[in-house]
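Trainee: Quick one, query31.cif (mmCIF, C-alpha atoms):
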data_input
#
loop_
_atom_site.label_atom_id
_atom_site.label_comp_id
_atom_site.auth_asym_id
_atom_site.auth_seq_id
_atom_site.Cartn_x
_atom_site.Cartn_y
_atom_site.Cartn_z
CA MET A 141 -10.31 -69.94 0.80
CA GLN A 142 -12.75 -68.11 -1.49
CA HIS A 143 -14.43 -66.54 1.56
CA LEU A 144 -11.01 -65.42 2.82
CA LYS A 145 -10.19 -63.76 -0.52
CA LYS A 146 -13.51 -61.92 -0.49
CA TYR A 147 -12.89 -60.80 3.08
CA LEU A 148 -9.41 -59.48 2.23
CA LEU A 149 -10.72 -57.66 -0.83
CA VAL A 150 -13.52 -55.98 1.14
CA SER A 151 -11.06 -55.04 3.89
CA ALA A 152 -8.68 -53.48 1.39
CA LEU A 153 -11.45 -51.47 -0.24
CA THR A 154 -12.73 -50.32 3.15
CA LEU A 155 -9.23 -49.29 4.24
CA GLY A 156 -8.74 -47.34 1.00
CA LEU A 157 -12.07 -45.59 1.43
CA VAL A 158 -11.30 -44.65 5.04
CA SER A 159 -7.86 -43.37 3.99
CA CYS A 160 -9.41 -41.17 1.29
CA GLN A 161 -11.99 -39.86 3.73
CA ASN A 162 -9.33 -39.11 6.33
CA SER A 163 -7.24 -37.34 3.67
CA ASP A 164 -10.22 -35.20 2.64
CA ASP A 165 -11.10 -34.41 6.25
CA ASN A 166 -7.52 -33.62 7.23
CA PRO A 167 -5.75 -32.12 4.21
CA ALA A 168 -2.14 -30.99 4.40
CA ALA A 169 -2.84 -27.92 2.24
CA ASN A 170 -5.57 -26.04 0.40
CA ASN A 171 -6.05 -22.95 -1.75
CA VAL A 172 -6.45 -19.31 -0.73
CA THR A 173 -8.07 -16.80 -3.09
CA LEU A 174 -7.13 -13.13 -3.09
CA GLU A 175 -9.92 -10.96 -4.49
CA PHE A 176 -9.15 -7.32 -5.30
CA ASN A 177 -11.74 -4.56 -5.28
CA ASN A 178 -10.46 -1.31 -6.81
CA THR A 179 -12.44 1.60 -5.43
CA PHE A 180 -12.56 5.34 -5.05
CA LYS A 181 -13.41 5.61 -1.35
CA ASN A 182 -16.20 3.01 -1.10
CA GLN A 183 -17.35 2.99 -4.73
CA THR A 184 -16.00 0.33 -7.10
CA ILE A 185 -14.27 2.06 -9.99
CA ILE A 186 -15.87 2.01 -13.44
CA LEU A 187 -13.49 2.88 -16.27
CA GLY A 188 -14.43 5.20 -19.12
CA ASP A 189 -13.16 7.63 -21.73
CA ALA A 190 -13.36 11.43 -21.62
CA THR A 191 -17.02 11.50 -22.70
CA SER A 192 -18.23 8.44 -20.78
CA ALA A 193 -21.34 9.02 -18.68
CA THR A 194 -20.84 5.85 -16.64
CA ALA A 195 -17.20 6.24 -15.54
CA THR A 196 -16.65 6.83 -11.83
CA THR A 197 -16.12 10.51 -11.11
CA ASN A 198 -13.43 10.96 -8.47
CA ILE A 199 -13.03 14.19 -6.50
CA SER A 200 -9.91 14.65 -4.40
CA ALA A 201 -9.80 16.38 -1.03
CA GLU A 202 -8.57 19.46 -2.91
CA GLY A 203 -11.67 19.35 -5.12
CA GLN A 204 -9.90 18.11 -8.23
CA ILE A 205 -12.10 16.02 -10.54
CA HIS A 206 -10.52 13.01 -12.24
CA HIS A 207 -11.48 9.61 -13.60
CA PHE A 208 -9.73 6.55 -14.96
CA SER A 209 -9.80 4.98 -18.42
CA GLU A 210 -7.13 2.40 -17.51
CA LEU A 211 -6.09 1.00 -14.13
CA LYS A 212 -3.40 -1.68 -13.69
CA TYR A 213 -0.85 -2.67 -11.10
CA VAL A 214 1.52 -5.54 -10.34
CA ILE A 215 1.30 -7.73 -7.24
CA SER A 216 4.21 -10.05 -6.35
CA ASN A 217 6.27 -11.41 -3.43
CA ILE A 218 3.19 -12.72 -1.58
CA ARG A 219 3.56 -14.04 1.96
CA LEU A 220 0.97 -15.25 4.47
CA ILE A 221 1.69 -14.89 8.19
CA LYS A 222 0.42 -17.61 10.53
CA ALA A 223 -1.17 -16.86 13.89
CA ASP A 224 2.08 -17.97 15.58
CA GLY A 225 4.06 -15.45 13.50
CA ASN A 226 5.64 -17.92 11.06
CA GLU A 227 5.79 -16.64 7.48
CA VAL A 228 4.70 -18.78 4.53
CA PRO A 229 6.11 -17.41 1.24
CA TYR A 230 4.28 -18.05 -2.01
CA LYS A 231 6.59 -18.61 -5.00
CA ILE A 232 8.31 -15.31 -4.18
CA ASN A 233 11.17 -15.79 -6.65
CA ASP A 234 9.03 -16.95 -9.58
CA LEU A 235 7.19 -14.22 -11.48
CA ASP A 236 5.43 -16.79 -13.67
CA GLN A 237 3.76 -18.47 -10.68
CA GLY A 238 3.89 -15.85 -7.94
CA ALA A 239 3.16 -12.49 -9.60
CA THR A 240 0.17 -11.06 -11.44
CA VAL A 241 -1.10 -7.94 -13.20
CA ILE A 242 -4.35 -6.64 -11.70
CA ASP A 243 -6.31 -5.05 -14.55
CA GLN A 244 -9.62 -3.34 -13.81
CA SER A 245 -10.77 -3.96 -17.40
CA LYS A 246 -10.37 -7.74 -17.01
CA PRO A 247 -12.52 -9.12 -14.16
CA GLU A 248 -10.70 -12.46 -14.23
CA THR A 249 -7.48 -10.74 -13.10
CA LEU A 250 -9.14 -9.40 -9.94
CA ARG A 251 -9.03 -12.90 -8.40
CA TYR A 252 -5.67 -14.54 -7.78
CA LEU A 253 -5.43 -18.14 -6.58
CA LEU A 254 -2.70 -19.20 -4.16
CA SER A 255 -2.46 -23.00 -4.41
CA ASN A 256 -1.23 -25.56 -1.84
CA ILE A 257 -1.10 -23.25 1.15
CA PRO A 258 -0.27 -25.25 4.30
CA VAL A 259 -3.16 -25.90 6.67
CA GLY A 260 -3.31 -23.44 9.54
CA GLU A 261 -4.65 -20.11 10.74
CA TYR A 262 -3.30 -16.92 9.16
CA LYS A 263 -3.49 -13.45 10.70
CA LYS A 264 -1.73 -11.23 8.16
CA ILE A 265 -0.81 -10.97 4.50
CA LYS A 266 2.21 -9.28 2.93
CA PHE A 267 2.81 -8.60 -0.75
CA GLY A 268 4.74 -6.30 -3.03
CA LEU A 269 3.26 -3.48 -5.07
CA GLY A 270 5.60 -3.88 -8.02
CA ILE A 271 8.57 -6.22 -8.32
CA LYS A 272 11.58 -6.32 -6.00
CA LYS A 273 14.75 -5.07 -7.63
CA GLU A 274 16.53 -8.42 -7.98
CA LEU A 275 13.70 -9.70 -10.22
CA ASN A 276 12.84 -6.45 -12.00
CA VAL A 277 14.45 -7.26 -15.34
CA LEU A 278 12.71 -8.11 -18.60
CA ASP A 279 13.67 -11.79 -18.62
CA GLN A 280 11.69 -13.58 -21.33
CA VAL A 281 13.66 -16.79 -20.89
CA ARG A 282 13.32 -17.17 -17.14
CA PHE A 283 9.73 -15.90 -16.79
CA PRO A 284 8.07 -16.23 -20.23
CA LYS A 285 4.49 -16.26 -18.89
CA PHE A 286 4.78 -13.04 -16.88
CA TYR A 287 6.86 -11.41 -19.60
CA ALA A 288 4.13 -12.13 -22.17
CA THR A 289 1.35 -10.89 -19.87
CA ALA A 290 3.14 -7.66 -18.99
CA GLY A 291 4.15 -6.98 -22.58
CA ALA A 292 0.80 -7.68 -24.23
CA ASN A 293 -0.52 -4.88 -26.45
CA ASP A 294 -3.52 -4.27 -24.18
CA THR A 295 -1.41 -4.37 -21.00
CA LYS A 296 1.92 -2.64 -21.69
CA MET A 297 3.38 -2.96 -18.21
CA MET A 298 6.96 -2.56 -19.46
CA TRP A 299 8.98 0.63 -19.74
CA GLU A 300 9.64 1.54 -23.37
CA TRP A 301 13.34 1.81 -22.67
CA GLY A 302 13.33 -1.90 -21.78
CA ALA A 303 14.99 -2.01 -18.36
CA GLY A 304 12.15 -3.20 -16.15
CA TYR A 305 8.43 -3.41 -15.53
CA ARG A 306 5.88 -0.72 -14.80
CA PHE A 307 4.41 -1.25 -11.34
CA THR A 308 1.27 0.84 -11.76
CA LYS A 309 -0.30 2.28 -14.91
CA LEU A 310 -3.12 4.78 -14.55
CA GLU A 311 -4.61 6.55 -17.54
CA GLY A 312 -7.51 8.98 -17.56
CA PHE A 313 -8.56 12.60 -17.49
CA TYR A 314 -8.72 15.38 -14.94
CA GLY A 315 -10.25 18.79 -14.49
CA THR A 316 -13.42 20.22 -15.95
CA ASP A 317 -11.69 20.50 -19.33
CA GLN A 318 -10.69 16.80 -19.32
CA LYS A 319 -6.93 17.17 -19.58
CA GLN A 320 -4.94 13.96 -20.02
CA MET A 321 -3.83 12.12 -16.90
CA SER A 322 -1.20 9.42 -17.37
CA ILE A 323 0.54 8.25 -14.21
CA HIS A 324 3.07 5.41 -14.50
CA THR A 325 5.27 4.20 -11.65
CA GLY A 326 8.17 1.80 -11.50
CA SER A 327 11.78 1.58 -10.45
CA THR A 328 14.36 3.50 -12.44
CA ILE A 329 17.93 2.63 -13.31
CA LYS A 330 21.11 4.55 -13.95
CA GLY A 331 24.04 3.73 -16.20
CA SER A 332 24.30 1.93 -19.51
CA GLU A 333 23.63 -1.61 -20.73
CA GLY A 334 25.71 -4.08 -18.76
CA ASN A 335 26.38 -1.53 -16.02
CA TYR A 336 22.94 -0.65 -14.63
CA THR A 337 22.47 0.41 -11.02
CA GLN A 338 19.29 1.14 -9.04
CA GLY A 339 17.97 4.68 -9.29
CA VAL A 340 14.58 5.29 -7.68
CA ASP A 341 13.25 2.13 -5.99
CA ALA A 342 9.47 2.23 -6.54
CA TYR A 343 8.82 -1.24 -5.09
CA ARG A 344 6.75 -1.16 -1.90
CA ASP A 345 6.19 -3.96 0.58
CA ILE A 346 2.59 -3.98 1.84
CA ALA A 347 1.61 -5.52 5.21
CA LEU A 348 -2.06 -5.94 6.11
CA ASP A 349 -3.70 -7.37 9.21
CA LEU A 350 -6.71 -9.60 8.57
CA PRO A 351 -9.96 -8.66 10.37
CA LYS A 352 -10.21 -12.32 11.40
CA ASN A 353 -7.91 -15.27 10.89
CA ALA A 354 -8.06 -17.00 7.51
CA ILE A 355 -8.41 -20.70 8.27
CA VAL A 356 -6.94 -23.10 5.73
CA ASP A 357 -8.27 -26.62 6.27
CA ASN A 358 -10.77 -28.65 4.27
CA LYS A 359 -12.24 -25.33 3.16
CA ALA A 360 -10.39 -22.75 1.08
CA PRO A 361 -10.67 -19.18 2.40
CA LYS A 362 -11.05 -15.97 0.38
CA ILE A 363 -9.32 -12.73 1.38
CA MET A 364 -11.00 -9.57 0.06
CA ILE A 365 -8.47 -6.79 -0.53
CA LYS A 366 -9.61 -3.22 -1.15
CA ALA A 367 -7.40 -0.84 -3.14
CA ASP A 368 -8.71 2.70 -2.58
CA PHE A 369 -7.48 4.99 -5.35
CA ASP A 370 -8.69 8.03 -3.43
CA LYS A 371 -5.17 7.71 -1.97
CA LEU A 372 -3.61 8.54 -5.36
CA LEU A 373 -3.97 12.27 -4.74
CA THR A 374 -4.98 12.31 -1.07
CA GLY A 375 -2.65 9.84 0.61
CA LYS A 376 -1.29 9.51 4.12
CA ILE A 377 2.06 10.84 2.89
CA ASN A 378 1.31 13.44 0.21
CA THR A 379 -1.51 15.66 -0.99
CA ILE A 380 -1.08 16.03 -4.74
CA ILE A 381 -2.60 18.51 -7.19
CA LEU A 382 -2.35 17.43 -10.81
CA THR A 383 -0.75 19.92 -13.17
CA SER A 384 0.30 19.75 -16.80
CA GLY A 385 3.35 21.39 -18.28
CA THR A 386 7.06 20.97 -18.67
CA GLY A 387 8.16 22.61 -15.41
CA MET A 388 9.37 20.84 -12.28
CA ASP A 389 5.83 20.82 -10.89
CA GLY A 390 4.29 19.09 -13.91
CA ASN A 391 3.08 15.68 -12.77
CA ALA A 392 0.01 14.62 -14.76
CA THR A 393 1.85 12.79 -17.54
CA PRO A 394 5.07 10.70 -17.64
CA ASN A 395 6.80 12.97 -20.13
CA THR A 396 6.64 15.84 -17.66
CA HIS A 397 6.82 14.42 -14.15
CA THR A 398 10.26 13.73 -12.74
CA ALA A 399 11.32 10.71 -10.70
CA ASN A 400 10.83 12.78 -7.55
CA GLN A 401 7.28 13.63 -8.62
CA MET A 402 6.64 9.94 -9.36
CA VAL A 403 7.74 8.92 -5.86
CA LYS A 404 4.95 11.05 -4.38
CA PHE A 405 2.40 8.86 -6.19
CA VAL A 406 4.31 5.72 -5.19
CA ASP A 407 4.28 6.69 -1.52
CA ASN A 408 0.54 7.40 -1.62
CA LEU A 409 -0.35 4.13 -3.36
CA GLY A 410 2.14 1.82 -1.61
CA GLY A 411 3.21 3.67 1.51
CA ASN A 412 6.69 4.89 2.33
CA GLY A 413 7.83 1.64 3.97
CA SER A 414 8.12 3.10 7.46
CA SER A 415 5.27 5.22 8.84
CA ASP A 416 2.89 3.78 6.22
CA ILE A 417 3.12 0.11 5.23
CA SER A 418 -0.36 -0.30 3.77
CA GLY A 419 -0.75 2.56 1.27
CA MET A 420 -4.08 2.35 -0.51
CA PHE A 421 -4.67 -1.28 0.54
CA SER A 422 -6.78 -2.80 3.31
CA VAL A 423 -8.47 -6.16 3.94
CA SER A 424 -12.22 -5.66 3.93
CA SER A 425 -13.20 -9.22 4.84
CA VAL A 426 -12.15 -12.85 5.13
CA GLU A 427 -14.47 -15.66 4.07
CA ASN A 428 -13.62 -19.05 5.60
#
If you took the structure in this file and wrote it as structure tokens, what would it be?

Mentor:
Amino acid sequence: MQHLKKYLLVSALTLGLVSCQNSDDNPAANNVTLEFNNTFKNQTIILGDATSATATTNISAEGQIHHFSELKYVISNIRLIKADGNEVPYKINDLDQGATVIDQSKPETLRYLLSNIPVGEYKKIKFGLGIKKELNVLDQVRFPKFYATAGANDTKMMWEWGAGYRFTKLEGFYGTDQKQMSIHTGSTIKGSEGNYTQGVDAYRDIALDLPKNAIVDNKAPKIMIKADFDKLLTGKINTIILTSGTGMDGNATPNTHTANQMVKFVDNLGGNGSSDISGMFSVSSVEN
């Protein structure tokens, strides 16, 4: 009887070990990491103030010199597309778990972990630059984590008038005389409290093919996404020359550029949703 008990115990332990091994070898899901590299053409951007000697100097196709002291944008509504065309959404209606602020001054924000992605091969990624209109409200109760991140003193990704989030926030200087550059984008609203309607929709849906399939199995792949801010002024849609002033052509700071001027930057950075669905973004590599 004692020998039988020992045999049963060993069998149970062996079965448990085999089950664990099989589970590790054949997982149902794993993580995918998105890693963002913010560049001007092929050079990773270094932030700096007006007198900084190390900040990246950017020169547009029109020869306009500019550089960034602050560079932030919101990514949300992430979806991975399988090789068979099926779409796997990632917490697309939860800003706390499925949206993030990419901040060039904070290296930890340049990597975003997607957890529990179903095993399979993925050929494409889609995501939003900004926040789709049905979620673009400052809801501290529903999404306290994202609300706190976006509203932090060193982030300030909320409009001062309190109706929604900024989607991109670019601060810096331009020209040989270092004039202020302050480009903010985001959706606008019309009406009064309790009766708001959509004005300019600055949300853009980005779709990017992967250079090779990302394979989610017992290894967790990394997708390297390049955001080329050369497109800010020299995009596929618009060629922009920065100007200061209070006229209709003033576009270098938010207090002068109109919603129509803002949309030109939006279309360069995020595409126009039809002829350009990638904007400044591309996938530089996939590591399986």

Trainee: Suppose a student applies the PyMOL selection byres ((chain A and resi 241-253) around 7) to this structure; what residues should they get, written as number ranges by chain?

Mentor: A: 171-176, 211-215, 240, 254-255

Trainee: Which residue gives the smallest distance to A:Thr383 among A:Gln320, A:Asn256, A:Asn166, A:Asn293, with all atoms listed in the file counted?

Mentor: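 Smallest separation from A:Thr383 among the options: A:Gln320.
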
Trainee: Please compute the atom CA of A:Gly410-atom CA of A:Tyr343 distance, one decimal, in Å.

Mentor: 8.1 Å

Trainee: For stretch 219-234 of chain A, find every residue with an atom within 6 Å (counting all atoms listed in the file), except residues of its own chain fewer than 4 positions away, and show them as a PyMOL selection string.

Mentor: chain A and resi 238+261-266

Trainee: Point out the residue among A:Ala190, A:Ala360, A:Met420, A:Ile185 with the least atom-to-atom distance to A:Asp317, counting all atoms listed in the file.

Mentor: A:Ala190

Trainee: Could you check the closest approach to A:Lys309 for each of A:Asp349, A:Glu210, A:Asp189, A:Glu202 and tell me which residue wins, using all atoms listed in the file?

Mentor: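 Ranking A:Asp349, A:Glu210, A:Asp189, A:Glu202 by distance to A:Lys309, first place goes to A:Glu210.
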